[in-house]
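Undergrad: What follows is structure.pdb, PDB, C-alpha atoms, pLDDT in the B column.
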```
ATOM      1  CA  MET A   1       0.000   0.000   0.000  1.00 58.00           C
ATOM      2  CA  ILE A   2       2.741   2.499   0.908  1.00 66.00           C
ATOM      3  CA  LYS A   3       4.908   1.226  -1.909  1.00 72.00           C
ATOM      4  CA  GLN A   4       2.547   2.370  -4.708  1.00 75.00           C
ATOM      5  CA  PRO A   5       2.428   6.141  -3.838  1.00 74.00           C
ATOM      6  CA  LEU A   6       6.185   6.191  -3.230  1.00 70.00           C
ATOM      7  CA  LEU A   7       6.870   4.557  -6.593  1.00 72.00           C
ATOM      8  CA  SER A   8       4.585   6.981  -8.391  1.00 73.00           C
ATOM      9  CA  PHE A   9       6.346   9.895  -6.654  1.00 67.00           C
ATOM     10  CA  TRP A  10       9.759   8.779  -7.935  1.00 69.00           C
ATOM     11  CA  ARG A  11       8.486   8.191 -11.489  1.00 72.00           C
ATOM     12  CA  ARG A  12       6.971  11.640 -12.006  1.00 72.00           C
ATOM     13  CA  ARG A  13       8.990  13.987 -14.220  1.00 70.00           C
ATOM     14  CA  GLU A  14       7.076  17.252 -13.867  1.00 74.00           C
ATOM     15  CA  GLY A  15       9.238  20.074 -12.508  1.00 74.00           C
ATOM     16  CA  VAL A  16      12.539  18.267 -12.955  1.00 77.00           C
ATOM     17  CA  ALA A  17      13.992  21.053 -15.105  1.00 81.00           C
ATOM     18  CA  SER A  18      13.250  23.754 -12.548  1.00 84.00           C
ATOM     19  CA  ILE A  19      14.786  21.699  -9.743  1.00 82.00           C
ATOM     20  CA  GLU A  20      17.921  21.007 -11.791  1.00 86.00           C
ATOM     21  CA  PHE A  21      18.139  24.681 -12.770  1.00 88.00           C
ATOM     22  CA  ALA A  22      17.923  25.732  -9.121  1.00 87.00           C
ATOM     23  CA  MET A  23      20.663  23.285  -8.166  1.00 86.00           C
ATOM     24  CA  VAL A  24      23.052  24.308 -10.967  1.00 92.00           C
ATOM     25  CA  PHE A  25      22.379  28.067 -10.991  1.00 93.00           C
ATOM     26  CA  PHE A  26      23.922  28.764  -7.571  1.00 88.00           C
ATOM     27  CA  GLY A  27      27.180  27.026  -8.520  1.00 88.00           C
ATOM     28  CA  PHE A  28      27.308  28.758 -11.902  1.00 92.00           C
ATOM     29  CA  PHE A  29      26.578  32.173 -10.390  1.00 91.00           C
ATOM     30  CA  SER A  30      29.281  31.677  -7.751  1.00 87.00           C
ATOM     31  CA  MET A  31      31.780  30.711 -10.432  1.00 89.00           C
ATOM     32  CA  VAL A  32      30.961  33.797 -12.541  1.00 90.00           C
ATOM     33  CA  MET A  33      31.359  36.080  -9.502  1.00 87.00           C
ATOM     34  CA  PHE A  34      34.666  34.414  -8.628  1.00 85.00           C
ATOM     35  CA  VAL A  35      35.990  34.991 -12.166  1.00 88.00           C
ATOM     36  CA  ALA A  36      34.823  38.629 -12.043  1.00 86.00           C
ATOM     37  CA  GLU A  37      36.640  39.136  -8.717  1.00 83.00           C
ATOM     38  CA  ILE A  38      39.838  37.551 -10.035  1.00 84.00           C
ATOM     39  CA  ALA A  39      39.672  39.819 -13.100  1.00 86.00           C
ATOM     40  CA  ARG A  40      39.163  42.880 -10.867  1.00 82.00           C
ATOM     41  CA  LEU A  41      42.059  41.846  -8.624  1.00 81.00           C
ATOM     42  CA  SER A  42      44.350  41.333 -11.633  1.00 85.00           C
ATOM     43  CA  TYR A  43      43.372  44.683 -13.089  1.00 84.00           C
ATOM     44  CA  MET A  44      43.938  46.433  -9.745  1.00 81.00           C
ATOM     45  CA  SER A  45      47.382  44.858  -9.526  1.00 83.00           C
ATOM     46  CA  ALA A  46      48.332  46.142 -12.988  1.00 85.00           C
ATOM     47  CA  VAL A  47      46.940  49.622 -12.264  1.00 82.00           C
ATOM     48  CA  ILE A  48      48.872  49.818  -8.995  1.00 83.00           C
ATOM     49  CA  ASP A  49      52.115  48.731 -10.700  1.00 85.00           C
ATOM     50  CA  LEU A  50      51.816  51.444 -13.311  1.00 84.00           C
ATOM     51  CA  ALA A  51      50.629  54.128 -10.882  1.00 82.00           C
ATOM     52  CA  VAL A  52      53.458  53.527  -8.389  1.00 84.00           C
ATOM     53  CA  THR A  53      56.104  53.581 -11.101  1.00 85.00           C
ATOM     54  CA  GLU A  54      54.809  56.754 -12.736  1.00 83.00           C
ATOM     55  CA  ALA A  55      54.215  58.585  -9.449  1.00 83.00           C
ATOM     56  CA  ALA A  56      57.660  57.702  -8.078  1.00 84.00           C
ATOM     57  CA  LYS A  57      59.304  58.715 -11.337  1.00 82.00           C
ATOM     58  CA  GLU A  58      57.612  62.096 -11.221  1.00 81.00           C
ATOM     59  CA  ALA A  59      58.360  62.627  -7.527  1.00 80.00           C
ATOM     60  CA  LYS A  60      62.050  61.755  -7.840  1.00 78.00           C
ATOM     61  CA  ASN A  61      62.556  64.173 -10.726  1.00 77.00           C
ATOM     62  CA  ALA A  62      61.013  67.150  -8.951  1.00 70.00           C
ATOM     63  CA  LYS A  63      63.307  69.462  -7.020  1.00 69.00           C
ATOM     64  CA  GLN A  64      62.038  69.204  -3.457  1.00 61.00           C
ATOM     65  CA  PRO A  65      63.184  71.313  -0.507  1.00 58.00           C
ATOM     66  CA  ASN A  66      62.504  68.618   2.121  1.00 63.00           C
ATOM     67  CA  SER A  67      61.649  64.944   2.456  1.00 57.00           C
ATOM     68  CA  GLY A  68      57.977  65.599   3.230  1.00 69.00           C
ATOM     69  CA  ALA A  69      57.582  67.205  -0.171  1.00 75.00           C
ATOM     70  CA  TYR A  70      58.644  63.988  -1.926  1.00 77.00           C
ATOM     71  CA  GLN A  71      56.007  62.004  -0.069  1.00 77.00           C
ATOM     72  CA  ARG A  72      53.387  64.707  -0.635  1.00 79.00           C
ATOM     73  CA  ARG A  73      54.123  64.815  -4.380  1.00 81.00           C
ATOM     74  CA  PHE A  74      54.006  61.000  -4.542  1.00 80.00           C
ATOM     75  CA  ARG A  75      50.635  60.940  -2.743  1.00 78.00           C
ATOM     76  CA  ILE A  76      49.121  63.699  -4.893  1.00 79.00           C
ATOM     77  CA  ARG A  77      50.209  61.976  -8.093  1.00 80.00           C
ATOM     78  CA  LEU A  78      48.761  58.664  -6.934  1.00 76.00           C
ATOM     79  CA  THR A  79      45.465  59.739  -5.448  1.00 72.00           C
ATOM     80  CA  GLU A  80      44.449  62.929  -7.227  1.00 71.00           C
ATOM     81  CA  GLU A  81      46.114  62.917 -10.633  1.00 65.00           C
ATOM     82  CA  SER A  82      45.716  59.250 -11.555  1.00 62.00           C
ATOM     83  CA  GLY A  83      42.435  59.694 -13.388  1.00 60.00           C
ATOM     84  CA  THR A  84      38.807  58.866 -12.889  1.00 56.00           C
ATOM     85  CA  LEU A  85      39.230  55.108 -12.969  1.00 59.00           C
ATOM     86  CA  TRP A  86      41.601  55.086  -9.964  1.00 63.00           C
ATOM     87  CA  LYS A  87      39.072  57.063  -7.911  1.00 63.00           C
ATOM     88  CA  PHE A  88      36.376  54.591  -8.926  1.00 62.00           C
ATOM     89  CA  LEU A  89      38.444  51.562  -7.936  1.00 63.00           C
ATOM     90  CA  THR A  90      39.756  52.696  -4.565  1.00 66.00           C
ATOM     91  CA  SER A  91      39.011  54.784  -1.522  1.00 66.00           C
ATOM     92  CA  LYS A  92      41.415  57.085   0.300  1.00 65.00           C
ATOM     93  CA  ASP A  93      41.585  54.914   3.427  1.00 72.00           C
ATOM     94  CA  ALA A  94      42.683  51.877   1.400  1.00 74.00           C
ATOM     95  CA  VAL A  95      46.036  53.373   0.372  1.00 78.00           C
ATOM     96  CA  ARG A  96      49.049  53.776   2.654  1.00 81.00           C
ATOM     97  CA  ILE A  97      52.093  55.535   1.225  1.00 82.00           C
ATOM     98  CA  ARG A  98      55.642  55.763   2.589  1.00 83.00           C
ATOM     99  CA  VAL A  99      58.859  57.240   1.264  1.00 83.00           C
ATOM    100  CA  ASN A 100      62.141  56.307   2.946  1.00 84.00           C
ATOM    101  CA  PHE A 101      65.610  57.638   2.109  1.00 84.00           C
ATOM    102  CA  ALA A 102      68.982  55.904   2.308  1.00 84.00           C
ATOM    103  CA  HIS A 103      72.581  56.971   1.889  1.00 81.00           C
ATOM    104  CA  SER A 104      73.773  53.743   0.265  1.00 81.00           C
ATOM    105  CA  ILE A 105      72.646  50.372  -1.014  1.00 83.00           C
ATOM    106  CA  ASP A 106      73.860  48.775   2.224  1.00 85.00           C
ATOM    107  CA  ASP A 107      71.533  51.077   4.151  1.00 84.00           C
ATOM    108  CA  LEU A 108      68.645  49.946   1.942  1.00 81.00           C
ATOM    109  CA  LEU A 109      69.429  46.282   2.536  1.00 83.00           C
ATOM    110  CA  THR A 110      69.657  46.704   6.312  1.00 86.00           C
ATOM    111  CA  ASN A 111      66.579  49.001   6.506  1.00 84.00           C
ATOM    112  CA  ASN A 112      68.713  51.816   7.876  1.00 81.00           C
ATOM    113  CA  TYR A 113      66.683  54.721   6.534  1.00 82.00           C
ATOM    114  CA  SER A 114      67.158  58.431   6.895  1.00 76.00           C
ATOM    115  CA  ALA A 115      64.292  60.790   7.659  1.00 68.00           C
ATOM    116  CA  MET A 116      65.721  63.535   5.480  1.00 69.00           C
ATOM    117  CA  SER A 117      66.174  63.501   1.722  1.00 65.00           C
ATOM    118  CA  THR A 118      69.209  65.802   1.806  1.00 67.00           C
ATOM    119  CA  ASP A 119      72.372  63.864   0.953  1.00 71.00           C
ATOM    120  CA  SER A 120      70.276  60.688   0.685  1.00 76.00           C
ATOM    121  CA  PRO A 121      70.416  59.743  -2.969  1.00 81.00           C
ATOM    122  CA  LEU A 122      68.304  56.584  -2.758  1.00 84.00           C
ATOM    123  CA  ALA A 123      64.576  56.612  -2.081  1.00 83.00           C
ATOM    124  CA  ARG A 124      62.220  53.707  -1.497  1.00 86.00           C
ATOM    125  CA  TYR A 125      58.646  54.531  -2.531  1.00 85.00           C
ATOM    126  CA  GLN A 126      56.070  52.143  -1.061  1.00 86.00           C
ATOM    127  CA  LEU A 127      52.360  51.714  -1.577  1.00 84.00           C
ATOM    128  CA  ASN A 128      50.293  49.311   0.516  1.00 84.00           C
ATOM    129  CA  TYR A 129      46.798  48.805  -0.854  1.00 81.00           C
ATOM    130  CA  ARG A 130      44.130  47.251   1.350  1.00 79.00           C
ATOM    131  CA  TYR A 131      41.993  45.249  -1.044  1.00 77.00           C
ATOM    132  CA  HIS A 132      38.240  45.163  -0.468  1.00 75.00           C
ATOM    133  CA  PRO A 133      36.476  42.382  -2.386  1.00 76.00           C
ATOM    134  CA  MET A 134      33.467  43.491  -4.372  1.00 77.00           C
ATOM    135  CA  PHE A 135      31.921  40.272  -5.677  1.00 74.00           C
ATOM    136  CA  PHE A 136      33.439  37.355  -3.807  1.00 71.00           C
ATOM    137  CA  PRO A 137      35.119  37.140  -0.399  1.00 71.00           C
ATOM    138  CA  PHE A 138      38.838  36.394  -0.482  1.00 67.00           C
ATOM    139  CA  PRO A 139      41.110  35.682   2.434  1.00 69.00           C
ATOM    140  CA  LYS A 140      42.275  39.169   3.419  1.00 66.00           C
ATOM    141  CA  MET A 141      45.830  38.013   4.100  1.00 66.00           C
ATOM    142  CA  TRP A 142      46.208  36.728   0.527  1.00 66.00           C
ATOM    143  CA  ALA A 143      44.789  39.849  -1.107  1.00 66.00           C
ATOM    144  CA  SER A 144      46.651  42.354   1.077  1.00 62.00           C
ATOM    145  CA  THR A 145      50.045  40.745   0.572  1.00 61.00           C
ATOM    146  CA  LEU A 146      49.430  40.629  -3.137  1.00 67.00           C
ATOM    147  CA  LEU A 147      48.926  44.388  -3.390  1.00 80.00           C
ATOM    148  CA  ASN A 148      52.056  45.778  -1.742  1.00 83.00           C
ATOM    149  CA  ARG A 149      54.295  47.591  -4.183  1.00 85.00           C
ATOM    150  CA  GLU A 150      57.611  49.369  -3.841  1.00 86.00           C
ATOM    151  CA  VAL A 151      60.171  50.895  -6.162  1.00 85.00           C
ATOM    152  CA  ILE A 152      63.658  52.191  -5.452  1.00 84.00           C
ATOM    153  CA  PHE A 153      64.941  55.210  -7.327  1.00 83.00           C
ATOM    154  CA  VAL A 154      68.038  57.372  -7.313  1.00 81.00           C
ATOM    155  CA  GLN A 155      66.787  60.860  -6.488  1.00 77.00           C
ATOM    156  CA  GLU A 156      67.525  63.172  -9.411  1.00 72.00           C
ATOM    157  CA  TYR A 157      68.780  66.125  -7.378  1.00 65.00           C
ATOM    158  CA  GLU A 158      70.659  63.996  -4.841  1.00 60.00           C
ATOM    159  CA  ARG A 159      72.422  61.625  -7.231  1.00 58.00           C
ATOM    160  CA  SER A 160      75.787  63.377  -6.957  1.00 57.00           C
ATOM    161  CA  ALA A 161      75.983  61.985  -3.406  1.00 51.00           C
ATOM    162  CA  PHE A 162      75.405  58.482  -4.813  1.00 52.00           C
ATOM    163  CA  VAL A 163      78.040  58.756  -7.529  1.00 56.00           C
ATOM    164  CA  ASP A 164      80.834  59.998  -5.245  1.00 52.00           C
TER     165      ASP A 164
END
```
Translate this structure into structure tokens?
TA:
Amino acid sequence: MIKQPLLSFWRRREGVASIEFAMVFFGFFSMVMFVAEIARLSYMSAVIDLAVTEAAKEAKNAKQPNSGAYQRRFRIRLTEESGTLWKFLTSKDAVRIRVNFAHSIDDLLTNNYSAMSTDSPLARYQLNYRYHPMFFPFPKMWASTLLNREVIFVQEYERSAFVD
């Protein structure tokens, strides 16, 4: 008696497509969002590489009276003069910028930095970007370590101290 209704329940095919669609759609949607987040992360990485290089190049070539002016010029070039797309992709609290100066390559290797740019021909420009996922949650440790950039330049107006 119980066997007949149970057998007829398993043999019915009405609504199978909607059930299969519901089961597959969540996995497909998650995969599409994951790919979109990976593409955004890759694009952000490329934008940050280019922005740090260009901003540091401009800052090192400008004649600056003190070390704070180098960092200020670097920050302005990165945050305000990088175009509309940069402002769309990031917020001001997500970017941390540092500029450190060194007298020699040995000082750079041992992290023995100078606070002043005078007579410090080498500068280390750093940008740490705190990534905020938009579509798909990533482990924050993985994303934040991926988006730390730094470049080392010989300061244009201090290079005579490096050559000597």
Undergrad: What's around Lys57 (chain A) at 12 Å? Count all atoms listed in the file, leave out sequence neighbours fewer than 2 positions away in its own chain, and write the answer as a compact mmCIF listing (two decimals) with C-alpha atoms, keeping the file's coordinate frame.
TA:
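Output file around_38.txt is given in full below:
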```txt
# COMPACT_ATOMS: atom_id res chain seq x y z
CA LEU A 50 51.82 51.44 -13.31
CA ALA A 51 50.63 54.13 -10.88
CA VAL A 52 53.46 53.53 -8.39
CA THR A 53 56.10 53.58 -11.10
CA GLU A 54 54.81 56.75 -12.74
CA ALA A 55 54.22 58.58 -9.45
CA ALA A 59 58.36 62.63 -7.53
CA LYS A 60 62.05 61.76 -7.84
CA ASN A 61 62.56 64.17 -10.73
CA ALA A 62 61.01 67.15 -8.95
CA TYR A 70 58.64 63.99 -1.93
CA ARG A 73 54.12 64.82 -4.38
CA PHE A 74 54.01 61.00 -4.54
CA ARG A 77 50.21 61.98 -8.09
CA LEU A 78 48.76 58.66 -6.93
CA ALA A 123 64.58 56.61 -2.08
CA ARG A 124 62.22 53.71 -1.50
CA TYR A 125 58.65 54.53 -2.53
CA VAL A 151 60.17 50.90 -6.16
CA ILE A 152 63.66 52.19 -5.45
CA PHE A 153 64.94 55.21 -7.33
CA VAL A 154 68.04 57.37 -7.31
CA GLN A 155 66.79 60.86 -6.49
CA GLU A 156 67.53 63.17 -9.41
```
Undergrad: CA of Ala69 (chain A) and CA of Val47 (chain A), how far apart in Å?
TA: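 It comes out at 23.8 Å.
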Undergrad: Please define a box with edges along x, y and z of the file around all atoms of region 40-56 of chain A given in the file, extend it by 8 Å on each side, and return its centre and edge lengths in Å to one decimal, as lines of an AutoDock Vina configuration file.
TA:
```
center_x = 48.4
center_y = 50.0
center_z = -10.7
size_x = 34.5
size_y = 33.3
size_z = 21.2
```
Undergrad: Which protein, DNA or RNA residues are at most 12 Å from (32.1, 39.0, -5.7) in the file's coordinates when you count all atoms listed in the file, listed as a PyMOL selection string?
TA: chain A and resi 29-41+132-138
Undergrad: For Val99 (chain A), which of A:Glu58, A:Glu14, A:Glu150, A:Glu20 is the closest residue, counting only C-alpha atoms?
TA: A:Glu150
Undergrad: Can you work out the spacing between CA of Ala94 (chain A) and CA of Tyr131 (chain A) in Å, to one decimal?
TA: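 CA of Ala94 (chain A) sits 7.1 Å away from CA of Tyr131 (chain A).
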Undergrad: Enter the distance from CA of Arg75 (chain A) to CA of Tyr129 (chain A), in Å, rounded to one decimal.
TA: 12.9 Å
Undergrad: For Phe101 (chain A), work out the shell of residues within 6 Å, counting all atoms listed in the file and skipping chain neighbours fewer than 2 positions away, then give it as a ChimeraX atom specification.
TA: /A:113-114,117,120,122-123
Undergrad: Identify which of the residues A:Val95, A:Met23, A:Ile76, A:Ala102 lies closest to Asp119 (chain A), counting all atoms listed in the file when measuring atom-to-atom distances.
TA: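 The answer is A:Ala102, which sits nearest to Asp119 (chain A).
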